[in-house]
Every structure is written in C-alpha cells, then in structure tokens.
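Here the structure is laid out as structure tokens; the discussion comes afterwards.
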Protein chains: 2
Amino acid sequence: MSEATAMTAELVPRYTIGEVVERTGLSAHTLRWYERIGLLDHPARSHHGQRRFCDADLGWLAFLGNLRATGMPVAGMLRYAELVRAGAGTEAERRELLVEHREEVLARIRDLQANLLVLDYKIDLYGERQDCT
Amino acid sequence: MSEATAMTAELVPRYTIGEVVERTGLSAHTLRWYERIGLLDHPARSHHGQRRFCDADLGWLAFLGNLRATGMPVAGMLRYAELVRAGAGTEAERRELLVEHREEVLARIRDLQANLLVLDYKIDLYGERQDCT
DNA sequence: CGCTTGCTTGGAGTGCACTCTAGGTAAGTA
DNA sequence: TACTTACCTAGAGTGCACTCCAAGCAAGCG
C-alpha cells in the first residue's frame, strides 16, 4: 500500500448509519443531530442519498465520546469542533480548551470523593445503630 | 439544658426561607419546589404564613446536597425521603439504597479517571506535534 | 405483488431539574 | 403616604441533550 493510499484510507466511505450506531452506541437520531448542529462533518452519501461514514468519523466520534463521558457540554464540544474545522493555527487554543476541561474533571473527581466520604459515614451509621435519617 | 429540651432543639422553627437560601446555596424557588414534591417536610409557618425552617431541615438539606452532588436523581432522593418518613423498620432498605448509590459513584469515578487518561494523551499529542484533531 | 427493513427529512416532543412569572400580602423605612 | 423588601401561591417557561414522529423512498425476500 502506498503512503498516499494509507493517508486517505480512513477517509473512505464505508459505514452505514446503522453500522456506526453499533460501533459507537449512539442512536441514529443522535448521529443525525450531531451532524445538524455541526459536531460531525457531513459524511459522504451513497448514490441513494444514504450516509456513508468513514474511519475518521469513527475516531472523531470516539473522541467526542471521551469528552461527553467526562461531562463536557455539547457547546464545548462544538467549540472544539469549530477549531478543528478552522484547521492549522488553532492547535494552541484546542489544547487550552482540553487542559481547562481536564482541570474541571479533576475538580469533579475530588468533589465526588469528598461527598463519597459523607456517604460512607452515613452508611456506617446505619450499620451501627438504627436511629438515623 | 435538660435532655428533653436538647432532643427537640433542632426542631425549633428558626430560619426564614431567605436564611436557608444563604446557608444552603439553594434558591427559594428550589426549596419550595423540594417541599412541593415531597423531598422536604412542610416546615412550620409564622403567624403570617411564612415558612420557618429548623436545624433539622438544614441537616436534611445538607445530606440531600451530598446525594445531589454525587449525581443521585431527584427520584432517588425522593425514594429515600419516603423511607425516612415511613420511620422505623425501613433502615435496612435505606442503607441498601445508599450502598447501591455508593457503588454507582465509585463506578463513575473510575469511568472519569479512565476517560481522563485519553484526555491526557490527547493533550500530550498537542504538546509534541501539531497535526492532530 | 405485498411485506419488511433500513434509511431519509423537518419539526415536534420528552424528561430532568429547576427557574421564573404574575399577582398578592405584610412589615419596615424616608 | 409612598416605597422597598421579603415573603406567598399556582402554574408556566427554560435549557440541555436527546428522542421521536410522520411520511416517504429503495432494496431484498417469498
């Protein structure tokens, strides 16, 4: 395989929306909605007008999945997507966005752990005596 | 102070809704809404019909805050509140509910940490080279 | 041929957790 | 007296992130 071929292999239209649903766990509705709001590039279309997604789309969706799983709001993902679309020159800003988000996630984890301690304490109380709320 | 007095001290109506807003960070709307849906007992009223919350209410709201901060849906808090209202005999079930919730929170923390690793990896990429999305 | 399956669209609907509106009462201050 | 502030109610509205609906098209199967 030549390098030129390898470089575009992940752009070859391959997957129907149903296949992407299977691979990502997102619903077809959600995939179309992501496309509509600009979170996902318009994919190629079959000669019947059906969407055909490529491996790059799957990679992008997996990354969006990380952002979503860490609680980034859709508006934030959209900002990132717009920076990516703007192309070269926005890398520093993209990195900045991710770094800020990482800080928020770390704070959320710390917060969860602190609140978990209170929960543990309460559970212990129920184990020892029976007169608590 | 006699023990009988001490036992009911936290039930003395003391705080206006505004004071509870200050102490809990919840809005007055939210406090009334919690009451309406059964998450909070109907507090005492002044002779003008205004709510007067007691220390027990503040303690309960603080605990609800823990549940909320750990992502328990209002429906779950409601279930817990109903068990508490049902009184003695429901302690095992209450404990069960909290233990289940703790497991979910632990799972969420693990999930966040796993997704954070991917985020870190991506941020590193931006630090090293400039051709990623 | 009829039926099912999988896809298409724009726009409406859902569930959650608030959040606000309108219209009112009562107390305190200039 | 006029005004401000804090509270009251029932019910409507908001923002988020989907989620679904109706109506239609094309392919494949018995």
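Each chain in the structure tokens gets a letter, A, B, ..., in the order shown, and its residues are numbered from 1; ligands are numbered from 1 in order too.
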
Once DSSP has gone over the backbone, tell me which residues of chain A are in helix (DSSP H, G or I), as a VMD selection string. chain A and resid 3 to 11 17 to 24 28 to 37 55 to 69 74 to 86 91 to 128

With C-alpha atoms retained, write the just-selected residues as a PDB file, in the first residue's frame.
```
ATOM      1  CA  GLU A   3       1.720   6.089   1.576  1.00  0.00           C
ATOM      2  CA  ALA A   4      -0.728   8.272  -0.338  1.00  0.00           C
ATOM      3  CA  THR A   5      -3.284   5.458  -0.188  1.00  0.00           C
ATOM      4  CA  ALA A   6      -2.607   4.887   3.505  1.00  0.00           C
ATOM      5  CA  MET A   7      -3.055   8.559   4.264  1.00  0.00           C
ATOM      6  CA  THR A   8      -6.622   8.646   2.918  1.00  0.00           C
ATOM      7  CA  ALA A   9      -7.705   5.123   3.835  1.00  0.00           C
ATOM      8  CA  GLU A  10      -9.524   6.376   6.867  1.00  0.00           C
ATOM      9  CA  LEU A  11     -11.482   8.785   4.702  1.00  0.00           C
ATOM     10  CA  ILE A  17     -25.558   4.875   9.912  1.00  0.00           C
ATOM     11  CA  GLY A  18     -26.698   1.532  11.355  1.00  0.00           C
ATOM     12  CA  GLU A  19     -23.129   0.280  11.477  1.00  0.00           C
ATOM     13  CA  VAL A  20     -21.999   3.465  13.221  1.00  0.00           C
ATOM     14  CA  VAL A  21     -24.831   3.009  15.727  1.00  0.00           C
ATOM     15  CA  GLU A  22     -23.485  -0.461  16.506  1.00  0.00           C
ATOM     16  CA  ARG A  23     -19.892   0.723  16.815  1.00  0.00           C
ATOM     17  CA  THR A  24     -20.472   3.877  18.863  1.00  0.00           C
ATOM     18  CA  ALA A  28     -29.074   7.185  14.612  1.00  0.00           C
ATOM     19  CA  HIS A  29     -31.134  10.132  15.795  1.00  0.00           C
ATOM     20  CA  THR A  30     -28.204  11.416  17.806  1.00  0.00           C
ATOM     21  CA  LEU A  31     -25.772  10.963  14.924  1.00  0.00           C
ATOM     22  CA  ARG A  32     -28.010  12.992  12.599  1.00  0.00           C
ATOM     23  CA  TRP A  33     -28.458  15.579  15.305  1.00  0.00           C
ATOM     24  CA  TYR A  34     -24.672  15.839  15.832  1.00  0.00           C
ATOM     25  CA  GLU A  35     -24.332  16.429  12.112  1.00  0.00           C
ATOM     26  CA  ARG A  36     -27.109  19.036  12.104  1.00  0.00           C
ATOM     27  CA  ILE A  37     -25.578  21.098  14.898  1.00  0.00           C
ATOM     28  CA  ASP A  55     -12.992   5.536   9.863  1.00  0.00           C
ATOM     29  CA  ALA A  56     -12.014   9.127  10.582  1.00  0.00           C
ATOM     30  CA  ASP A  57     -15.631   9.758  11.588  1.00  0.00           C
ATOM     31  CA  LEU A  58     -15.483   6.804  13.969  1.00  0.00           C
ATOM     32  CA  GLY A  59     -12.277   8.134  15.512  1.00  0.00           C
ATOM     33  CA  TRP A  60     -13.787  11.567  15.919  1.00  0.00           C
ATOM     34  CA  LEU A  61     -16.929  10.101  17.479  1.00  0.00           C
ATOM     35  CA  ALA A  62     -14.826   8.080  19.902  1.00  0.00           C
ATOM     36  CA  PHE A  63     -13.048  11.250  20.976  1.00  0.00           C
ATOM     37  CA  LEU A  64     -16.354  13.084  21.338  1.00  0.00           C
ATOM     38  CA  GLY A  65     -17.402  10.138  23.487  1.00  0.00           C
ATOM     39  CA  ASN A  66     -14.494  10.860  25.819  1.00  0.00           C
ATOM     40  CA  LEU A  67     -15.449  14.495  26.101  1.00  0.00           C
ATOM     41  CA  ARG A  68     -19.064  13.566  26.707  1.00  0.00           C
ATOM     42  CA  ALA A  69     -18.174  10.899  29.272  1.00  0.00           C
ATOM     43  CA  VAL A  74     -22.262  19.951  23.781  1.00  0.00           C
ATOM     44  CA  ALA A  75     -21.457  23.656  23.457  1.00  0.00           C
ATOM     45  CA  GLY A  76     -17.860  22.934  24.474  1.00  0.00           C
ATOM     46  CA  MET A  77     -17.527  20.049  22.041  1.00  0.00           C
ATOM     47  CA  LEU A  78     -18.903  22.350  19.382  1.00  0.00           C
ATOM     48  CA  ARG A  79     -16.262  24.961  20.125  1.00  0.00           C
ATOM     49  CA  TYR A  80     -13.577  22.307  19.798  1.00  0.00           C
ATOM     50  CA  ALA A  81     -15.092  21.018  16.552  1.00  0.00           C
ATOM     51  CA  GLU A  82     -15.085  24.532  15.123  1.00  0.00           C
ATOM     52  CA  LEU A  83     -11.411  24.967  15.998  1.00  0.00           C
ATOM     53  CA  VAL A  84     -10.606  21.681  14.264  1.00  0.00           C
ATOM     54  CA  ARG A  85     -12.551  22.790  11.198  1.00  0.00           C
ATOM     55  CA  ALA A  86     -10.673  26.091  11.211  1.00  0.00           C
ATOM     56  CA  GLU A  91      -3.822  23.966  17.942  1.00  0.00           C
ATOM     57  CA  ALA A  92      -2.825  26.046  20.956  1.00  0.00           C
ATOM     58  CA  GLU A  93      -6.418  27.069  21.542  1.00  0.00           C
ATOM     59  CA  ARG A  94      -7.610  23.482  21.204  1.00  0.00           C
ATOM     60  CA  ARG A  95      -5.021  22.311  23.684  1.00  0.00           C
ATOM     61  CA  GLU A  96      -6.038  25.105  26.040  1.00  0.00           C
ATOM     62  CA  LEU A  97      -9.653  24.003  25.853  1.00  0.00           C
ATOM     63  CA  LEU A  98      -8.717  20.423  26.682  1.00  0.00           C
ATOM     64  CA  VAL A  99      -6.430  21.473  29.538  1.00  0.00           C
ATOM     65  CA  GLU A 100      -9.178  23.603  31.079  1.00  0.00           C
ATOM     66  CA  HIS A 101     -11.580  20.731  30.764  1.00  0.00           C
ATOM     67  CA  ARG A 102      -9.103  18.367  32.388  1.00  0.00           C
ATOM     68  CA  GLU A 103      -8.890  20.705  35.374  1.00  0.00           C
ATOM     69  CA  GLU A 104     -12.665  20.674  35.672  1.00  0.00           C
ATOM     70  CA  VAL A 105     -12.762  16.905  35.517  1.00  0.00           C
ATOM     71  CA  LEU A 106     -10.092  16.609  38.208  1.00  0.00           C
ATOM     72  CA  ALA A 107     -12.095  19.008  40.370  1.00  0.00           C
ATOM     73  CA  ARG A 108     -15.230  16.934  39.784  1.00  0.00           C
ATOM     74  CA  ILE A 109     -13.419  13.769  40.826  1.00  0.00           C
ATOM     75  CA  ARG A 110     -12.149  15.418  44.019  1.00  0.00           C
ATOM     76  CA  ASP A 111     -15.649  16.683  44.722  1.00  0.00           C
ATOM     77  CA  LEU A 112     -17.157  13.250  44.197  1.00  0.00           C
ATOM     78  CA  GLN A 113     -14.599  11.681  46.512  1.00  0.00           C
ATOM     79  CA  ALA A 114     -15.293  14.239  49.235  1.00  0.00           C
ATOM     80  CA  ASN A 115     -19.027  13.665  49.013  1.00  0.00           C
ATOM     81  CA  LEU A 116     -18.423   9.943  48.971  1.00  0.00           C
ATOM     82  CA  LEU A 117     -16.806  10.180  52.401  1.00  0.00           C
ATOM     83  CA  VAL A 118     -20.010  11.622  53.819  1.00  0.00           C
ATOM     84  CA  LEU A 119     -21.972   8.848  52.162  1.00  0.00           C
ATOM     85  CA  ASP A 120     -19.629   6.255  53.665  1.00  0.00           C
ATOM     86  CA  TYR A 121     -20.061   7.807  57.091  1.00  0.00           C
ATOM     87  CA  LYS A 122     -23.822   7.649  56.750  1.00  0.00           C
ATOM     88  CA  ILE A 123     -23.723   4.040  55.650  1.00  0.00           C
ATOM     89  CA  ASP A 124     -21.545   3.211  58.642  1.00  0.00           C
ATOM     90  CA  LEU A 125     -24.108   4.823  60.933  1.00  0.00           C
ATOM     91  CA  TYR A 126     -26.799   2.560  59.535  1.00  0.00           C
ATOM     92  CA  GLY A 127     -24.544  -0.387  60.211  1.00  0.00           C
ATOM     93  CA  GLU A 128     -24.032   0.513  63.874  1.00  0.00           C
TER      94      GLU A 128
END
```

Could you go through chain A and tell me which residues DSSP, when run on the backbone, assigns to strand (DSSP E), listing them as an MDAnalysis selection string? chainID A and resid 44:45 51:52

Write the residues of the preceding selection, restricted to N, CA and C atoms, as a PDB file, in the first residue's frame.
```
ATOM      1  N   ALA A  44     -20.069  11.463   3.526  1.00  0.00           N
ATOM      2  CA  ALA A  44     -20.366  11.166   2.125  1.00  0.00           C
ATOM      3  C   ALA A  44     -21.752  10.543   2.044  1.00  0.00           C
ATOM      4  N   ARG A  45     -22.294  10.486   0.824  1.00  0.00           N
ATOM      5  CA  ARG A  45     -23.611   9.883   0.625  1.00  0.00           C
ATOM      6  C   ARG A  45     -23.505   8.808  -0.443  1.00  0.00           C
ATOM      7  N   ARG A  51     -26.238   8.114   4.155  1.00  0.00           N
ATOM      8  CA  ARG A  51     -24.928   8.475   4.709  1.00  0.00           C
ATOM      9  C   ARG A  51     -23.964   7.290   4.678  1.00  0.00           C
ATOM     10  N   ARG A  52     -22.708   7.610   4.369  1.00  0.00           N
ATOM     11  CA  ARG A  52     -21.643   6.602   4.448  1.00  0.00           C
ATOM     12  C   ARG A  52     -20.491   7.208   5.233  1.00  0.00           C
TER      13      ARG A  52
END
```

List the spatial neighbours of DT9 of chain D as a PDB file with C-alpha atoms (C1' of nucleotides), in the first residue's frame - criterion: any atom at most 12 Å away, only C-alpha atoms (C1' of nucleotides), same-chain residues fewer than 6 positions off excluded.
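File around28.pdb, as written:
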```
ATOM      1  CA  HIS B  29     -37.783  28.513  44.302  1.00  0.00           C
ATOM      2  CA  ARG B  32     -40.403  25.459  47.734  1.00  0.00           C
ATOM      3  CA  ARG B  36     -43.925  20.548  46.873  1.00  0.00           C
ATOM      4  CA  GLY B  49     -47.924  32.165  56.825  1.00  0.00           C
ATOM      5  CA  GLN B  50     -44.207  32.434  56.101  1.00  0.00           C
TER       6      GLN B  50
ATOM      7  C1'  DT C  21     -43.979  34.977  36.210  1.00  0.00           C
ATOM      8  C1'  DA C  22     -47.935  37.338  37.823  1.00  0.00           C
ATOM      9  C1'  DG C  23     -50.343  38.970  41.255  1.00  0.00           C
ATOM     10  C1'  DG C  24     -50.698  39.310  46.002  1.00  0.00           C
ATOM     11  C1'  DT C  25     -49.750  40.302  51.465  1.00  0.00           C
TER      12       DT C  25
END
```

Please provide as a PyMOL selection string all residues within 12 Å of segment 2-4 of chain C, with the sequence filter that same-chain residues fewer than 6 positions apart are discarded (counting only C-alpha atoms (C1' of nucleotides)). chain D and resi 27-30

Keeping C-alpha atoms (C1' of nucleotides), export the residues of the selection given above as a JSON list (two decimals), in the first residue's frame.
```
[["chain", "number", "residue", "atom", "x", "y", "z"],
["D", 27, "DA", "C1'", -33.73, -2.87, -1.82],
["D", 28, "DG", "C1'", -34.48, -7.60, -0.79],
["D", 29, "DC", "C1'", -37.47, -11.63, 0.00],
["D", 30, "DG", "C1'", -41.37, -15.35, -0.51]]
```

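With distances restricted to only C-alpha atoms (C1' of nucleotides), D:DC16 is the closest residue to DG15 of chain C from D:DA6, D:DC21, D:DC16, D:DA26.
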
With only C-alpha atoms (C1' of nucleotides) counted and 10 Å as the cut-off, give the residues of chain D in contact with chain A, each with its shortest interatomic distance in Å and the pair that gives it, as JSON lines.
```
{"residue": "D:DC16", "atom": "C1'", "partner": "A:Pro73", "partner_atom": "CA", "distance": 8.6}
{"residue": "D:DA17", "atom": "C1'", "partner": "A:Val74", "partner_atom": "CA", "distance": 8.1}
{"residue": "D:DC18", "atom": "C1'", "partner": "A:Thr30", "partner_atom": "CA", "distance": 6.8}
{"residue": "D:DT19", "atom": "C1'", "partner": "A:His29", "partner_atom": "CA", "distance": 7.1}
{"residue": "D:DC20", "atom": "C1'", "partner": "A:His29", "partner_atom": "CA", "distance": 8.7}
{"residue": "D:DC25", "atom": "C1'", "partner": "A:His48", "partner_atom": "CA", "distance": 9.1}
{"residue": "D:DA26", "atom": "C1'", "partner": "A:His48", "partner_atom": "CA", "distance": 7.7}
```

Saved selection, atoms kept: C-alpha atoms (C1' of nucleotides), as a CSV table (one decimal), in the first residue's frame:
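Contents of out.csv, freshly written:
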```csv
chain,number,residue,atom,x,y,z
D,16,DC,C1',-30.0,20.7,27.9
D,17,DA,C1',-29.4,16.6,25.3
D,18,DC,C1',-31.5,14.0,23.1
D,19,DT,C1',-35.7,11.2,21.2
D,20,DC,C1',-39.4,10.5,18.5
D,25,DC,C1',-38.1,6.0,-0.7
D,26,DA,C1',-35.3,2.0,-2.3
```

Using only C-alpha atoms (C1' of nucleotides), find each residue of chain C with at least one atom at most 9 Å away from an atom of chain A; report its shortest atom-to-atom pair and that distance in Å (one decimal), sort the rows by chain and rising residue number, and return the result as a Markdown table.
```
| residue | atom | partner | partner_atom | distance |
| --- | --- | --- | --- | --- |
| C:DG6 | C1' | A:Gly18 | CA | 8.1 |
| C:DC7 | C1' | A:Gln50 | CA | 6.5 |
| C:DT8 | C1' | A:Gln50 | CA | 7.3 |
```

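Comparing the minimum interatomic distances between chain B and each of A:Arg14, A:Gly25, A:Phe53, A:Thr133, counting only C-alpha atoms, we find that A:Thr133 sits nearest.
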
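Across the structure, atom CA of Cys54 of chain B and atom CA of Val12 of chain B are spaced 5.4 Å apart.
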
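Between atom C1' of DA10 of chain D and atom C1' of DA12 of chain C lies a distance of 27.1 Å.
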